[in-house]
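The data block below is work.cif; it holds mmCIF, C-alpha atoms.
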```cif
data_my_file
#
loop_
_atom_site.label_atom_id
_atom_site.label_comp_id
_atom_site.auth_asym_id
_atom_site.auth_seq_id
_atom_site.Cartn_x
_atom_site.Cartn_y
_atom_site.Cartn_z
CA MET A 1 0.00 0.00 0.00
CA LYS A 2 1.37 3.38 -1.03
CA ILE A 3 -0.24 6.79 -0.64
CA THR A 4 0.75 9.39 -3.18
CA PRO A 5 -0.24 13.07 -3.23
CA VAL A 6 -2.06 14.14 -6.38
CA THR A 7 0.19 16.28 -8.59
CA ASP A 8 0.09 17.54 -12.15
CA THR A 9 1.74 14.32 -13.32
CA ASN A 10 -0.84 11.94 -11.79
CA SER A 11 -4.00 14.09 -11.56
CA HIS A 12 -5.48 12.25 -14.54
CA ILE A 13 -5.55 9.06 -12.44
CA TYR A 14 -7.37 10.87 -9.62
CA HIS A 15 -9.90 12.31 -12.09
CA ASN A 16 -10.50 8.88 -13.62
CA LEU A 17 -11.18 7.30 -10.23
CA VAL A 18 -13.34 10.15 -8.97
CA GLN A 19 -15.69 9.46 -11.90
CA TYR A 20 -16.28 5.94 -10.54
CA TYR A 21 -16.97 7.47 -7.14
CA GLU A 22 -19.51 9.90 -8.58
CA ALA A 23 -21.16 7.14 -10.62
CA GLU A 24 -21.46 4.85 -7.59
CA PHE A 25 -23.12 7.60 -5.54
CA SER A 26 -25.34 8.90 -8.37
CA PRO A 27 -28.41 6.86 -7.33
CA ILE A 28 -28.20 8.59 -3.93
CA THR A 29 -27.20 12.08 -5.09
CA GLY A 30 -29.38 12.13 -8.19
CA LYS A 31 -26.45 13.40 -10.24
CA LYS A 32 -26.31 12.50 -13.92
CA PRO A 33 -23.32 12.58 -16.25
CA ASN A 34 -23.03 15.40 -18.76
CA ALA A 35 -23.20 14.93 -22.55
CA SER A 36 -19.57 13.75 -22.51
CA GLY A 37 -20.40 11.03 -19.96
CA LEU A 38 -18.60 12.79 -17.11
CA PHE A 39 -19.93 13.81 -13.72
CA GLU A 40 -19.39 17.31 -12.40
CA LEU A 41 -17.25 17.29 -9.27
CA ASP A 42 -18.37 18.80 -5.98
CA THR A 43 -14.80 18.94 -4.66
CA ARG A 44 -11.99 20.43 -6.70
CA LEU A 45 -8.38 19.94 -5.72
CA GLY A 46 -6.13 22.94 -5.14
CA ASN A 47 -5.94 25.81 -2.70
CA ASP A 48 -6.97 24.26 0.64
CA THR A 49 -7.94 20.83 -0.76
CA LEU A 50 -5.35 18.09 -1.16
CA GLY A 51 -5.84 14.93 -3.16
CA PHE A 52 -4.33 11.51 -2.48
CA LEU A 53 -4.09 8.34 -4.49
CA LEU A 54 -4.00 4.91 -2.90
CA ILE A 55 -1.74 2.58 -4.87
CA ILE A 56 -1.71 -1.19 -4.32
CA ASP A 57 0.63 -3.44 -6.31
CA ASP A 58 1.34 -0.51 -8.65
CA LEU A 59 -2.38 -0.12 -9.42
CA PRO A 60 -4.62 2.80 -8.45
CA ALA A 61 -7.00 1.52 -5.78
CA GLY A 62 -8.59 4.61 -4.27
CA ILE A 63 -8.73 8.35 -3.77
CA ALA A 64 -9.15 10.87 -0.98
CA ALA A 65 -9.75 14.61 -1.04
CA ILE A 66 -8.95 16.40 2.21
CA CYS A 67 -9.89 20.02 2.85
CA SER A 68 -7.91 22.09 5.31
CA LYS A 69 -10.63 24.23 6.89
CA GLU A 70 -8.31 26.17 9.18
CA ALA A 71 -5.06 25.55 11.01
CA ARG A 72 -5.07 21.88 12.05
CA ALA A 73 -8.75 21.35 11.14
CA TYR A 74 -9.62 19.00 8.27
CA GLU A 75 -12.57 17.48 6.48
CA VAL A 76 -12.67 14.27 4.46
CA CYS A 77 -14.49 15.59 1.39
CA GLU A 78 -14.15 12.57 -0.89
CA PHE A 79 -12.99 9.05 -0.09
CA TYR A 80 -13.31 6.08 -2.40
CA ILE A 81 -11.87 2.60 -2.69
CA LEU A 82 -12.46 0.68 -5.92
CA PRO A 83 -14.73 -2.32 -5.27
CA TYR A 84 -12.00 -4.84 -6.15
CA PHE A 85 -9.87 -3.61 -3.23
CA ARG A 86 -12.60 -3.42 -0.56
CA LYS A 87 -13.26 -5.75 2.36
CA ASN A 88 -9.64 -6.16 3.46
CA THR A 89 -9.22 -3.10 5.73
CA VAL A 90 -7.34 -1.21 3.02
CA GLY A 91 -9.78 1.72 3.27
CA MET A 92 -9.35 1.83 7.03
CA ARG A 93 -5.56 1.77 6.73
CA PHE A 94 -5.70 4.49 4.02
CA ALA A 95 -7.74 6.77 6.30
CA HIS A 96 -5.58 6.03 9.36
CA THR A 97 -2.40 6.90 7.47
CA ILE A 98 -3.83 10.23 6.32
CA TRP A 99 -5.00 11.09 9.85
CA LYS A 100 -1.59 10.27 11.32
CA ASN A 101 0.03 12.64 8.81
CA TYR A 102 -2.38 15.47 9.60
CA PRO A 103 -3.00 15.69 13.36
CA GLY A 104 -5.75 18.04 14.44
CA LYS A 105 -9.55 18.27 14.36
CA TRP A 106 -11.32 16.12 11.78
CA GLU A 107 -14.83 15.84 10.42
CA ILE A 108 -16.42 13.38 8.02
CA LYS A 109 -19.91 13.63 6.54
CA GLN A 110 -22.25 11.13 4.91
CA ILE A 111 -25.50 11.82 3.09
CA ARG A 112 -28.78 10.02 3.71
CA GLY A 113 -28.82 6.83 1.69
CA ALA A 114 -25.13 6.15 2.30
CA GLU A 115 -25.62 4.38 5.61
CA TYR A 116 -22.97 1.83 4.61
CA ALA A 117 -20.50 4.73 4.53
CA THR A 118 -21.57 5.76 8.02
CA VAL A 119 -20.93 2.20 9.24
CA PHE A 120 -17.49 2.27 7.58
CA TRP A 121 -16.52 5.62 9.13
CA ARG A 122 -17.70 4.68 12.62
CA LYS A 123 -15.66 1.48 12.52
CA THR A 124 -12.64 3.25 11.02
CA ILE A 125 -12.66 5.98 13.68
CA GLU A 126 -13.22 3.50 16.52
CA HIS A 127 -10.24 1.42 15.38
CA PHE A 128 -7.94 4.45 15.27
CA ASP A 129 -6.22 4.33 18.65
CA GLU A 130 -9.64 4.02 20.31
CA THR A 131 -10.47 7.56 19.24
CA VAL A 132 -13.49 9.16 20.86
CA TYR A 133 -15.79 10.94 18.45
CA THR A 134 -19.08 12.77 18.40
CA GLU A 135 -21.78 12.15 15.85
CA ALA A 136 -24.80 14.21 14.92
CA SER A 137 -27.19 14.61 12.02
CA TYR A 138 -28.23 17.93 10.55
CA ASP A 139 -30.04 19.30 7.52
CA ASP A 140 -27.59 20.60 4.91
CA PRO A 141 -29.11 23.02 2.38
CA TYR A 142 -27.34 21.25 -0.53
CA TRP A 143 -27.21 17.58 0.55
CA GLY A 144 -30.25 17.24 2.80
CA VAL A 145 -29.85 15.14 5.95
CA VAL A 146 -26.18 14.59 6.69
CA THR A 147 -24.51 12.51 9.40
CA ARG A 148 -21.26 14.00 10.71
CA GLN A 149 -18.51 12.54 12.87
CA GLN A 150 -15.98 14.84 14.56
CA PHE A 151 -12.83 13.82 16.43
CA THR A 152 -9.31 14.95 17.22
CA VAL A 153 -6.05 13.29 16.24
CA ASN A 154 -3.08 14.12 18.46
#
```
Please go through the file and, once you have read it, give me the structure as structure tokens.
Amino acid sequence: MKITPVTDTNSHIYHNLVQYYEAEFSPITGKKPNASGLFELDTRLGNDTLGFLLIIDDLPAGIAAICSKEARAYEVCEFYILPYFRKNTVGMRFAHTIWKNYPGKWEIKQIRGAEYATVFWRKTIEHFDETVYTEASYDDPYWGVVTRQQFTVN
């Protein structure tokens, strides 16, 4: 398992994988591809948002987009593991590695209909050094009902 920051030389890989992510979530989000067959992205890399590629056996296996909201405060904006690579804790290890590299306050959000993502994030947070987190739901004007976990990494 290797985690690589998204740069100009590998951004095309990130953009390819993020299309799978958008397609998988489209039944929940209601998003449709454009006339070129591509989904519009809600999260763009650059400025305060970093992208990461997960590489396994020299193959792209997943992506993450992390927004730096303020000094030492981060949000997981996008996180996706290709189906072939799921069910072997690789997603959990990917998230844990990112958190270890960016200590501070973290938040993760899931939209209604993505309860499987909520289960994944609860388990992933709980297995990170027995981290204590808070969870609440709220009504987001864009996404509707959202579940949010917040925790601190020292």
Residues matched by the PyMOL selection byres ((chain A and resi 38) around 12) as a ChimeraX atom specification: /A:15-23,26,31-37,39-41
Residues selected by the PyMOL selection byres ((chain A and resi 6) around 8), written as a list in words: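 Answer for the PyMOL selection byres ((chain A and resi 6) around 8): Thr4, Pro5, Thr7, Asp8, Thr9, Asn10, Ser11, Tyr14, Leu50, Gly51, Phe52 and Leu53 of chain A.
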List every residue of stretch 40-110 of chain A that has an atom at most 8 Å from any atom of stretch 150-154 of chain A, and for each one report the closest atom pair and its distance in Å to one decimal, counting all atoms listed in the file, with rows sorted by chain and then by increasing residue number, as JSON lines.
```
{"residue": "A:Trp99", "atom": "CA", "partner": "A:Val153", "partner_atom": "CA", "distance": 6.8}
{"residue": "A:Lys100", "atom": "CA", "partner": "A:Val153", "partner_atom": "CA", "distance": 7.3}
{"residue": "A:Tyr102", "atom": "CA", "partner": "A:Val153", "partner_atom": "CA", "distance": 7.9}
{"residue": "A:Pro103", "atom": "CA", "partner": "A:Val153", "partner_atom": "CA", "distance": 4.8}
{"residue": "A:Gly104", "atom": "CA", "partner": "A:Val153", "partner_atom": "CA", "distance": 5.1}
{"residue": "A:Lys105", "atom": "CA", "partner": "A:Thr152", "partner_atom": "CA", "distance": 4.4}
{"residue": "A:Trp106", "atom": "CA", "partner": "A:Phe151", "partner_atom": "CA", "distance": 5.4}
{"residue": "A:Glu107", "atom": "CA", "partner": "A:Gln150", "partner_atom": "CA", "distance": 4.4}
{"residue": "A:Ile108", "atom": "CA", "partner": "A:Gln150", "partner_atom": "CA", "distance": 6.7}
```
Coordinates-based distance that separates atom CA of A:Gln110 from atom CA of A:Asp58 (Å, one decimal):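 Atom-to-atom, atom CA of A:Asp58 to atom CA of A:Gln110, that is 29.6 Å.
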Between atom CA of A:Ile81 and atom CA of A:Ala95, distance in Å (one decimal): 10.7 Å
Atom pair atom CA of A:Leu54 / atom CA of A:His12: separation (Å): 13.8 Å
Nearest-residue call for A:Lys123, choices A:Gln149, A:Asn47, A:Ile111, A:Tyr142, using all atoms listed in the file: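 Of A:Gln149, A:Asn47, A:Ile111, A:Tyr142, the one nearest A:Lys123 is A:Gln149, counting all atoms listed in the file.
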A:Met92 surroundings by all atoms listed in the file, 9 Å radius, close-in-sequence under 2 positions cut, as a list in words: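 Within the cut-off, the hits are Asn88, Thr89, Val90, Phe94, Ala95, His96, Thr97, Phe120, Trp121, Lys123, Thr124, Ile125, His127 and Phe128 of chain A.
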Counting only C-alpha atoms, the residue of A:Asp57, A:Asp48, A:Asp129, A:Glu115 that sits nearest A:Val145: A:Glu115
Within 8 Å of file point (-8.9, 12.6, 1.4), counting only C-alpha atoms, expressed as a VMD selection string: chain A and resid 50 to 52 63 to 67 75 to 79 95 98
Ground truth for the PyMOL selection byres ((chain A and resi 2) around 6), written as a PyMOL selection string: chain A and resi 1+3+54-55
Top pick for closest residue to A:Gly62, considering A:Arg44, A:Gly144, A:Tyr74, A:Ile13 and counting only C-alpha atoms: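 Checking each candidate against A:Gly62, we get A:Ile13 as the closest.
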Who sits within 6 Å of A:Arg148, only C-alpha atoms, same chain under 6 positions skipped, as a list in words: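 Near neighbours after the sequence-gap exclusion: Ile108, Lys109, Glu135 and Ala136 of chain A.
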From A:Trp143, A:Tyr84, A:Val119, A:Gly113, residue lying nearest A:Ile28 [only C-alpha atoms]: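 For A:Ile28, the nearest of the given residues is A:Gly113.
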How big is the axis-aligned box, and where does its centre sit, when it encloses all atoms of stretch 86-95 of chain A listed in the file and has 6 Å added on every side, reported in Å to one decimal as AutoDock Vina command-line options?
```
--center_x -9.4 --center_y 0.3 --center_z 3.2 --size_x 19.7 --size_y 24.9 --size_z 19.6
```
